[in-house]
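J.: Quick one: structure below, then a few questions.
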Amino acid sequence: MSATARKKAPMPADIRAQKGGRPLVSLTAYTTPMAQMMDAHCDFVLVGDSVGMVLHGLPSTLEVTMDMMILHGRAVARGLSSAMMVIDMPFGSYEESPQQAFASAARLMRETGAGAVKLEGGQHMAPTIEFLVQRGIPVMAHIGLTPQSINTLGGYTVQGRGEQADLIMADARAVAAAGAFAVVLEKVPQTLADRITADVAIPTIGIGASAGCDGQILVVDDMLGLFTAFRAKFVKRYATLGEAGAAAIAAYAEDVRARRFPGPEHVFADEQPEKRAGS
């Protein structure tokens with residue numbers, strides 16, 4: 001069945017069952033209109049903590065709060081009917097203990113209606129993933145480049161080259177064994193991504209990884225050309241809406257200053273026009 005023919009949103013178990021099948025499609029969303037546009041085309045939509053950078057102008061994802069995620073999660077939920085919603089757990093909301101993670105994840109799901117949460121980390125987060133899954137919280141894992149750890153990783157650098165590949169492979173195996181229903185592989189070499197995809201029993205979702213992954217995700221503002229502060233190597237721009245928007249705003253400003261807008265068709269007469277008979 002195609003994504004456009006779906007009647008209802010998939011569950012985490014449905015996403016997991018697509019391992020090795022039709023590639024999974026995902027994008028990030030932060031607003032209702034954007035969620036509505038992608039609903040029929042995506043298997044799941046991620047309310048990503050990237051919202052901090054692309055909508056709030058923050059330098060990284062580290063300043064994103066639970067309240068911000070809930071606000072945007074509620075907005076996205078209003079725009080979805082056939083795609084599952086996954087929501088990021090923000091920095092500081094889950095790392096302290098499995099108990100803290102459960103309280104945060106339960107709040108996110110309860111207040112947004114998300115079908116699952118996503119958290120960053122491999123082997124060291126496996127006990128937390130297991131704790132959540134055993135208590136009814138579906139978890140999507142995220143390994144490789146984990147943006148919430150840029151201060152310890154040394155920036156947004158490729159992860160898993162050379163001897164480090166074995167560590168990323170171990171991370172993938174650990175989160176799969178802990179019960180994650182899928183795992184995001186960010187900014188890892190193609191060969192490693194293919195090895196992980198062949199090795200683990202859960203779907204791999206690539207972002208800067210490999211076309212051989214079980215699915216792909218991009219930040220929607222990147223692929224639409226709305227976020228232009230920088231463009232990662234792995235981003236393909238399918239539109240340049242930022243440029244088109246800037247040109248439209250400039251044209252509007254010129255029309256206003258030249259008194260071309262509003263025109264006669266945009267203003268109201270003193271009296272209600274009479275309706276013609278039969279109209």
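Every chain in the structure tokens takes a letter, A first, then B, and so on in the order presented; its residues are numbered from 1, and the ligands are numbered from 1 following the presented order.
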Enumerate the residues of range 230-264 of chain A with a DSSP assignment of helix (DSSP H, G or I), computed from the backbone, and present them as a VMD selection string.

T.: chain A and resid 241 to 257 264

J.: Might you pull out every residue within 10 Å of range 146-150 of chain A, with only C-alpha atoms counted and same-chain residues fewer than 2 positions away left off, and present them as a PyMOL selection string?

T.: chain A and resi 49-50+60-63+90-92+119-122+142-144+152-157+159+184-187

J.: Please dump the current selection as a compact mmCIF listing (two decimals), in the first residue's frame; keep C-alpha atoms.

T.:
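Saved the output as part04.txt:
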# COMPACT_ATOMS: atom_id res chain seq x y z
CA ASP A 49 14.61 19.83 18.41
CA SER A 50 16.13 21.37 15.27
CA SER A 60 22.29 24.83 18.52
CA THR A 61 19.62 22.48 19.87
CA LEU A 62 20.91 22.73 23.45
CA GLU A 63 18.62 25.61 24.48
CA PRO A 90 15.23 17.86 24.39
CA PHE A 91 18.67 18.11 25.97
CA GLY A 92 18.58 17.66 29.73
CA LEU A 119 16.44 10.29 22.08
CA GLU A 120 20.13 10.54 21.30
CA GLY A 121 22.82 8.12 22.42
CA GLY A 122 24.01 4.57 21.94
CA HIS A 142 19.64 8.30 17.30
CA ILE A 143 23.34 7.52 16.92
CA GLY A 144 26.36 8.72 14.95
CA THR A 152 31.96 16.68 23.50
CA LEU A 153 32.11 15.52 19.88
CA GLY A 154 34.00 18.62 18.80
CA GLY A 155 31.37 19.97 16.44
CA TYR A 156 29.20 18.66 13.62
CA THR A 157 31.79 16.20 12.34
CA GLN A 159 31.25 9.98 13.12
CA VAL A 184 18.51 7.30 13.07
CA LEU A 185 22.04 7.21 11.63
CA GLU A 186 23.36 10.74 11.27
CA LYS A 187 26.48 11.76 9.40

J.: With only C-alpha atoms as the counted atoms, please give the residues lying no more than 8 Å from Pro203 in chain A, apart from itself and same-chain residues fewer than 2 positions off, as an MDAnalysis selection string.

T.: chainID A and resid 15:16 18:20 181:183 197 200:201 205 213:215

J.: Name all residues at most 10 Å from Asp221 in chain A (count only C-alpha atoms; drop same-chain ones fewer than 3 positions away) and give them as a list of chain:residue names.

T.: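 The residues that qualify are A:Leu27, A:Thr28, A:Ala29, A:Tyr30, A:Met34, A:Ser50, A:Val51, A:Val54, A:Leu55, A:Leu218, A:Leu224, A:Gly225, A:Leu226, A:Phe227, A:Thr228, A:Arg237, A:Ala239, A:Thr240, A:Leu241, A:Gly242.
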
J.: Output N, CA, C and O atoms for every residue in the selection just made, as an mmCIF file, in the first residue's frame.

T.:
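Written out: again.cif:
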data_model
loop_
_atom_site.group_PDB
_atom_site.id
_atom_site.type_symbol
_atom_site.label_atom_id
_atom_site.label_comp_id
_atom_site.auth_asym_id
_atom_site.auth_seq_id
_atom_site.Cartn_x
_atom_site.Cartn_y
_atom_site.Cartn_z
ATOM 1 N N LEU A 27 10.192 13.541 7.366
ATOM 2 C CA LEU A 27 10.688 14.910 7.415
ATOM 3 C C LEU A 27 10.411 15.458 8.807
ATOM 4 O O LEU A 27 9.582 14.916 9.539
ATOM 5 N N THR A 28 11.074 16.550 9.139
ATOM 6 C CA THR A 28 10.739 17.252 10.378
ATOM 7 C C THR A 28 9.590 18.212 10.097
ATOM 8 O O THR A 28 9.385 18.657 8.971
ATOM 9 N N ALA A 29 8.838 18.536 11.131
ATOM 10 C CA ALA A 29 7.790 19.554 11.038
ATOM 11 C C ALA A 29 7.673 20.243 12.384
ATOM 12 O O ALA A 29 7.931 19.628 13.427
ATOM 13 N N TYR A 30 7.261 21.517 12.354
ATOM 14 C CA TYR A 30 7.138 22.292 13.585
ATOM 15 C C TYR A 30 5.832 23.078 13.650
ATOM 16 O O TYR A 30 5.517 23.667 14.680
ATOM 17 N N MET A 34 2.759 23.046 7.770
ATOM 18 C CA MET A 34 3.815 22.201 7.217
ATOM 19 C C MET A 34 3.480 20.727 7.412
ATOM 20 O O MET A 34 3.700 19.903 6.520
ATOM 21 N N SER A 50 15.567 20.443 16.250
ATOM 22 C CA SER A 50 16.129 21.372 15.269
ATOM 23 C C SER A 50 15.274 22.625 15.145
ATOM 24 O O SER A 50 15.717 23.638 14.584
ATOM 25 N N VAL A 51 14.045 22.581 15.689
ATOM 26 C CA VAL A 51 13.188 23.764 15.706
ATOM 27 C C VAL A 51 13.905 24.953 16.348
ATOM 28 O O VAL A 51 13.678 26.111 15.972
ATOM 29 N N VAL A 54 16.123 26.369 13.365
ATOM 30 C CA VAL A 54 15.495 26.810 12.122
ATOM 31 C C VAL A 54 14.338 27.783 12.326
ATOM 32 O O VAL A 54 14.033 28.577 11.434
ATOM 33 N N LEU A 55 13.681 27.750 13.491
ATOM 34 C CA LEU A 55 12.575 28.675 13.734
ATOM 35 C C LEU A 55 12.857 29.705 14.819
ATOM 36 O O LEU A 55 12.286 30.792 14.790
ATOM 37 N N LEU A 218 15.031 14.311 6.509
ATOM 38 C CA LEU A 218 15.706 15.597 6.362
ATOM 39 C C LEU A 218 14.949 16.638 7.171
ATOM 40 O O LEU A 218 13.755 16.486 7.431
ATOM 41 N N LEU A 224 13.620 22.540 1.677
ATOM 42 C CA LEU A 224 12.809 23.532 0.974
ATOM 43 C C LEU A 224 13.548 24.848 0.754
ATOM 44 O O LEU A 224 13.011 25.767 0.135
ATOM 45 N N GLY A 225 14.762 24.957 1.264
ATOM 46 C CA GLY A 225 15.516 26.190 1.084
ATOM 47 C C GLY A 225 15.000 27.341 1.915
ATOM 48 O O GLY A 225 15.186 28.505 1.551
ATOM 49 N N LEU A 226 14.361 27.036 3.043
ATOM 50 C CA LEU A 226 13.895 28.079 3.953
ATOM 51 C C LEU A 226 14.974 28.458 4.957
ATOM 52 O O LEU A 226 15.081 29.618 5.360
ATOM 53 N N PHE A 227 15.766 27.469 5.396
ATOM 54 C CA PHE A 227 16.881 27.726 6.304
ATOM 55 C C PHE A 227 18.135 27.829 5.453
ATOM 56 O O PHE A 227 18.545 26.866 4.798
ATOM 57 N N THR A 228 18.741 29.008 5.446
ATOM 58 C CA THR A 228 19.862 29.250 4.532
ATOM 59 C C THR A 228 21.141 29.687 5.229
ATOM 60 O O THR A 228 22.094 30.098 4.572
ATOM 61 N N ARG A 237 18.388 20.239 -1.857
ATOM 62 C CA ARG A 237 17.339 21.259 -1.863
ATOM 63 C C ARG A 237 16.373 20.987 -3.007
ATOM 64 O O ARG A 237 16.752 21.008 -4.176
ATOM 65 N N ALA A 239 13.604 22.816 -3.348
ATOM 66 C CA ALA A 239 12.998 24.102 -3.671
ATOM 67 C C ALA A 239 13.870 25.195 -3.064
ATOM 68 O O ALA A 239 14.744 24.918 -2.231
ATOM 69 N N THR A 240 13.646 26.436 -3.491
ATOM 70 C CA THR A 240 14.361 27.585 -2.928
ATOM 71 C C THR A 240 13.317 28.583 -2.436
ATOM 72 O O THR A 240 13.249 29.713 -2.919
ATOM 73 N N LEU A 241 12.518 28.137 -1.482
ATOM 74 C CA LEU A 241 11.417 28.965 -1.010
ATOM 75 C C LEU A 241 11.904 30.201 -0.262
ATOM 76 O O LEU A 241 11.208 31.212 -0.229
ATOM 77 N N GLY A 242 13.074 30.114 0.338
ATOM 78 C CA GLY A 242 13.618 31.284 1.010
ATOM 79 C C GLY A 242 13.861 32.419 0.026
ATOM 80 O O GLY A 242 13.489 33.575 0.276
#

J.: Considering only C-alpha atoms, can you say which of A:Ile249, A:Ala269, A:Ala209, A:Ile202 comes closest to Ala17 in chain A?

T.: A:Ile202

J.: Going by DSSP on the backbone, which residues of range 186-242 of chain A come out as strand (DSSP E or B)? List them as a PyMOL selection string.

T.: chain A and resi 186+204-207+215-218

J.: What would the file look like if the residues just selected were written as a JSON list (two decimals), in the first residue's frame with all heavy atoms?

T.:
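Full text of again24.json as output:
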[["chain", "number", "residue", "atom", "x", "y", "z"],
["A", 186, "GLU", "N", 23.04, 9.41, 11.78],
["A", 186, "GLU", "CA", 23.36, 10.74, 11.27],
["A", 186, "GLU", "C", 24.84, 10.91, 11.01],
["A", 186, "GLU", "O", 25.68, 10.64, 11.88],
["A", 186, "GLU", "CB", 22.89, 11.84, 12.24],
["A", 186, "GLU", "CG", 23.19, 13.24, 11.72],
["A", 186, "GLU", "CD", 22.48, 14.35, 12.46],
["A", 186, "GLU", "OE1", 21.70, 14.06, 13.38],
["A", 186, "GLU", "OE2", 22.70, 15.53, 12.11],
["A", 204, "THR", "N", 16.85, 1.35, 9.84],
["A", 204, "THR", "CA", 17.79, 2.45, 9.96],
["A", 204, "THR", "C", 17.25, 3.63, 9.15],
["A", 204, "THR", "O", 16.80, 3.46, 8.01],
["A", 204, "THR", "CB", 19.18, 2.07, 9.44],
["A", 204, "THR", "OG1", 19.06, 1.59, 8.09],
["A", 204, "THR", "CG2", 19.80, 0.98, 10.30],
["A", 205, "ILE", "N", 17.28, 4.81, 9.75],
["A", 205, "ILE", "CA", 16.79, 6.02, 9.10],
["A", 205, "ILE", "C", 18.00, 6.93, 8.87],
["A", 205, "ILE", "O", 18.60, 7.43, 9.81],
["A", 205, "ILE", "CB", 15.75, 6.75, 9.97],
["A", 205, "ILE", "CG1", 14.66, 5.78, 10.46],
["A", 205, "ILE", "CG2", 15.14, 7.91, 9.19],
["A", 205, "ILE", "CD1", 13.86, 5.11, 9.38],
["A", 206, "GLY", "N", 18.35, 7.12, 7.62],
["A", 206, "GLY", "CA", 19.56, 7.86, 7.31],
["A", 206, "GLY", "C", 19.35, 9.36, 7.20],
["A", 206, "GLY", "O", 18.33, 9.83, 6.69],
["A", 207, "ILE", "N", 20.34, 10.10, 7.69],
["A", 207, "ILE", "CA", 20.46, 11.53, 7.42],
["A", 207, "ILE", "C", 21.95, 11.81, 7.31],
["A", 207, "ILE", "O", 22.67, 11.85, 8.30],
["A", 207, "ILE", "CB", 19.76, 12.41, 8.48],
["A", 207, "ILE", "CG1", 19.98, 13.89, 8.16],
["A", 207, "ILE", "CG2", 20.17, 12.04, 9.90],
["A", 207, "ILE", "CD1", 19.10, 14.85, 8.95],
["A", 215, "GLY", "N", 15.29, 3.90, 5.47],
["A", 215, "GLY", "CA", 14.50, 5.11, 5.31],
["A", 215, "GLY", "C", 15.39, 6.33, 5.34],
["A", 215, "GLY", "O", 16.60, 6.24, 5.58],
["A", 216, "GLN", "N", 14.79, 7.48, 5.08],
["A", 216, "GLN", "CA", 15.53, 8.74, 5.07],
["A", 216, "GLN", "C", 14.74, 9.82, 5.80],
["A", 216, "GLN", "O", 13.51, 9.80, 5.82],
["A", 216, "GLN", "CB", 15.79, 9.21, 3.64],
["A", 216, "GLN", "CG", 16.58, 8.24, 2.78],
["A", 216, "GLN", "CD", 18.01, 8.05, 3.24],
["A", 216, "GLN", "OE1", 18.64, 8.98, 3.76],
["A", 216, "GLN", "NE2", 18.55, 6.85, 3.04],
["A", 217, "ILE", "N", 15.46, 10.78, 6.39],
["A", 217, "ILE", "CA", 14.84, 11.95, 7.01],
["A", 217, "ILE", "C", 15.68, 13.17, 6.68],
["A", 217, "ILE", "O", 16.92, 13.07, 6.56],
["A", 217, "ILE", "CB", 14.68, 11.77, 8.54],
["A", 217, "ILE", "CG1", 13.86, 12.91, 9.12],
["A", 217, "ILE", "CG2", 16.04, 11.65, 9.23],
["A", 217, "ILE", "CD1", 13.42, 12.68, 10.56],
["A", 218, "LEU", "N", 15.03, 14.31, 6.51],
["A", 218, "LEU", "CA", 15.71, 15.60, 6.36],
["A", 218, "LEU", "C", 14.95, 16.64, 7.17],
["A", 218, "LEU", "O", 13.75, 16.49, 7.43],
["A", 218, "LEU", "CB", 15.76, 16.04, 4.90],
["A", 218, "LEU", "CG", 16.79, 15.38, 3.98],
["A", 218, "LEU", "CD1", 16.61, 15.88, 2.55],
["A", 218, "LEU", "CD2", 18.22, 15.64, 4.46]]

J.: Please provide the set of residues having any atom within 8 Å of range 83-89 of chain A, restricted to only C-alpha atoms, with same-chain residues fewer than 2 positions apart removed, written as a ChimeraX atom specification.

T.: /A:8-11,39-49,66,69,73,77,80-81,91,93-94,104-105,108,113-119

J.: Would you mind reading off the distance between CA of Ala170 in chain A and CA of Glu96 in chain A, one decimal, in Å?

T.: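 Pair CA of Ala170 in chain A / CA of Glu96 in chain A returns 21.9 Å.
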
J.: Go through A:Asp222, A:Glu95, A:Glu254, A:Asp166 and flag the residue nearest Ala126 in chain A, using only C-alpha atoms for the distances.

T.: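 Among the listed residues, A:Glu95 lies closest to Ala126 in chain A.
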